[in-house]
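Comments concern the structure below.
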Amino acid sequence: MPLVTSTEMFKKAYKGGYAIGAFNVNNMETIQGIVEAGKECNSPLILQVSAGARKYANPVYLKHLIQAAVETTGLPIVMHLDHGADFEACKSAIDDGFTSVMIDASHHAFKENIEITKKVVEYAHERGVVVEAELGQLAGIEDAVNVKAEDANFTQPDEVCEFTEKTGCDSLAIAIGTSHGAYKFKPGQKPQLRFDILEEVGKRLPGFPIVLHGASSVPQDRVAIINQYGGKMPDAIGIPEEMLRKAASMAVCKINIDSDLRVACTAAIRKHFFEHPDHFDPRQYLGDARAAVKEIVKHKIMDVLGSNDKA
Ligand code: G3H
Ligand code: 13P
Ligand code: ZN
């Protein structure tokens, strides 16, 4: 099966009350860990690439690694541009064979967000590519942009109909209290998401796929391993998994996970070096990182997203 768009995946996920995992990829081991998990769980997958990932790995390498994932698994896989900053970034990904792009013009005023998104949608749709847009602003770090918690804005349900109608976007990322990175809540702060906003958006856009960014759970057992073996990640806190399950049972069809993969890799590598100080073959410690990614993605698919046996 060649690369696919997310259209069919989202239709089934919406009806079935589950979500598709969108995992950020930067290197071969992460891609392999994700798709091995997807294969064992028979799950559709979205592999997403940020501008930072394209810069790090070289777009050509990433494209061919993702192509290899498609060929070796036969799974329905979407190659998605994460947080496209402008029309040019989206155009470049579309011209390069991406089947889905995100235009993130959420930091612009409502009217400009519509104009920029609409231009991307026109270019993408003419080429059979789907578009995710964003309304509202998450806190946290994405690429070089750091949005402070006080500058984050929840999505306003009053705006979603006009936005989706005028832009023609295929899915919509909303801000309901998730944030990017591994430090989503302060210690002692009760993790909360605005499910009232998600519910209202769902009512106003029946059947329309909603996307949740900043949805890592930052597993505390892995953070403890990092800290035990020489790392320093005090107070790393993520979104409780039961909240993600609830979101997946509502209008959320795509759940973005990056930080959890980073935490899993780092824990595995730190532990590996502590236990084997004599090792210097990258295959040994990167092999552990790959296995750790596979384990966490399997857990996400089976216990959080519910996308197992849906390929
Ligand atoms: O939302 C951002 C993703 O976590 C990608 O992170 O820009 O560091 O690759 P990155
Ligand atoms: P996390 O930092 O919570 O993994 O979010 C990833 C994300 O939203 C990528 O777009
Ligand atoms: Zn994001």
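Identifiers in the structure tokens: chain A, B, ... in order shown; residue index from 1 per chain; ligand index from 1 in order shown.
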
Leaving out Asp86 in chain A and any residue of its chain fewer than 2 positions from it, which residues lie within 8 Å of it when counting only C-alpha atoms, given as a ChimeraX atom specification? /A:84,88-90,103-105,116

Residues from last step as file, all heavy atoms, as a short mmCIF file (atom, residue, chain, number, x, y, z; two decimals), in the first residue's frame:
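Below you can see selection12.cif, which holds the result:
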```
data_model
loop_
_atom_site.label_atom_id
_atom_site.label_comp_id
_atom_site.auth_asym_id
_atom_site.auth_seq_id
_atom_site.Cartn_x
_atom_site.Cartn_y
_atom_site.Cartn_z
N GLY A 84 3.61 23.36 9.90
CA GLY A 84 4.08 24.15 8.77
C GLY A 84 3.92 25.63 9.11
O GLY A 84 2.83 26.08 9.45
N GLU A 88 5.00 28.58 2.08
CA GLU A 88 6.19 28.00 1.43
C GLU A 88 6.59 26.67 2.06
O GLU A 88 6.94 25.72 1.35
CB GLU A 88 7.38 28.99 1.50
CG GLU A 88 7.25 30.17 0.55
CD GLU A 88 6.94 29.76 -0.89
OE1 GLU A 88 7.52 28.76 -1.35
OE2 GLU A 88 6.12 30.44 -1.54
N ALA A 89 6.54 26.59 3.39
CA ALA A 89 6.90 25.33 4.08
C ALA A 89 5.93 24.22 3.67
O ALA A 89 6.35 23.08 3.43
CB ALA A 89 6.88 25.54 5.58
N CYS A 90 4.65 24.56 3.58
CA CYS A 90 3.65 23.55 3.21
C CYS A 90 3.82 23.16 1.75
O CYS A 90 3.75 21.97 1.40
CB CYS A 90 2.24 24.08 3.47
SG CYS A 90 1.92 24.33 5.22
N ILE A 103 -0.86 23.58 8.42
CA ILE A 103 -0.47 24.99 8.37
C ILE A 103 -0.81 25.56 9.74
O ILE A 103 -1.98 25.54 10.15
CB ILE A 103 -1.15 25.78 7.21
CG1 ILE A 103 -0.90 27.30 7.35
CG2 ILE A 103 -2.64 25.51 7.09
CD1 ILE A 103 0.52 27.71 7.13
N ASP A 104 0.22 26.00 10.42
CA ASP A 104 0.00 26.54 11.77
C ASP A 104 0.12 28.05 11.70
O ASP A 104 1.20 28.61 11.91
CB ASP A 104 1.00 25.93 12.75
CG ASP A 104 0.75 26.46 14.16
OD1 ASP A 104 -0.15 27.30 14.34
OD2 ASP A 104 1.46 26.02 15.08
N ALA A 105 -1.01 28.69 11.42
CA ALA A 105 -1.04 30.15 11.39
C ALA A 105 -1.81 30.65 12.61
O ALA A 105 -2.40 31.74 12.61
CB ALA A 105 -1.69 30.63 10.10
N ILE A 116 -4.27 32.63 5.20
CA ILE A 116 -3.08 31.79 4.99
C ILE A 116 -3.50 30.33 4.83
O ILE A 116 -3.03 29.61 3.94
CB ILE A 116 -2.08 31.94 6.18
CG1 ILE A 116 -1.59 33.39 6.27
CG2 ILE A 116 -0.92 30.97 6.06
CD1 ILE A 116 -0.93 33.76 7.58
#
```

DSSP alpha helix (DSSP H) selection over range 61-247 of chain A, as a ChimeraX atom specification: /A:61-73,87-95,110-125,157-167,195-204,220-228,241-247

Neighbours of ligand 3 within 8 Å, counting only C-alpha atoms and all ligand atoms, as a count of residues only? 8

Residues near Arg204 in chain A, anyone? I mean within 9 Å using only C-alpha atoms, not counting same-chain ones fewer than 6 positions away, as a VMD selection string. chain A and resid 157 to 158 160 to 161

Write out as CSV the residues of chain A that have any atom within 9 Å of an atom of ligand 2, one row each with the nearest atom pair and its distance in Å to one decimal, counting only C-alpha atoms and all ligand atoms, sorted by chain and then rising number.
```
residue,atom,partner,partner_atom_place_in_ligand_line,distance
A:Ala22,CA,ligand 2,9 (C),7.9
A:Phe23,CA,ligand 2,9 (C),7.6
A:Asn24,CA,ligand 2,9 (C),6.5
A:Gln48,CA,ligand 2,10 (O),7.9
A:Val49,CA,ligand 2,10 (O),8.7
A:Ser50,CA,ligand 2,10 (O),7.6
A:Asp82,CA,ligand 2,10 (O),5.6
A:His83,CA,ligand 2,10 (O),6.4
A:Gly140,CA,ligand 2,2 (O),8.0
A:Ile141,CA,ligand 2,2 (O),7.8
A:Glu142,CA,ligand 2,10 (O),7.4
A:Thr178,CA,ligand 2,3 (O),7.4
A:Ser179,CA,ligand 2,3 (O),6.1
A:His180,CA,ligand 2,2 (O),3.8
A:Gly181,CA,ligand 2,2 (O),3.7
A:Ala182,CA,ligand 2,2 (O),6.2
A:Tyr183,CA,ligand 2,2 (O),8.8
A:Lys184,CA,ligand 2,3 (O),8.0
A:Leu212,CA,ligand 2,8 (O),7.0
A:His213,CA,ligand 2,8 (O),3.5
A:Gly214,CA,ligand 2,3 (O),3.2
A:Ala215,CA,ligand 2,3 (O),4.1
A:Ser216,CA,ligand 2,3 (O),3.7
A:Ser217,CA,ligand 2,3 (O),7.1
A:Val218,CA,ligand 2,3 (O),7.9
A:Gly238,CA,ligand 2,3 (O),7.2
A:Ile239,CA,ligand 2,3 (O),8.0
A:Ile255,CA,ligand 2,8 (O),7.8
A:Asn256,CA,ligand 2,8 (O),4.7
A:Ile257,CA,ligand 2,4 (O),3.9
A:Asp258,CA,ligand 2,4 (O),3.4
A:Ser259,CA,ligand 2,4 (O),3.7
A:Asp260,CA,ligand 2,4 (O),5.8
A:Leu261,CA,ligand 2,4 (O),7.7
A:Arg262,CA,ligand 2,4 (O),8.4
```
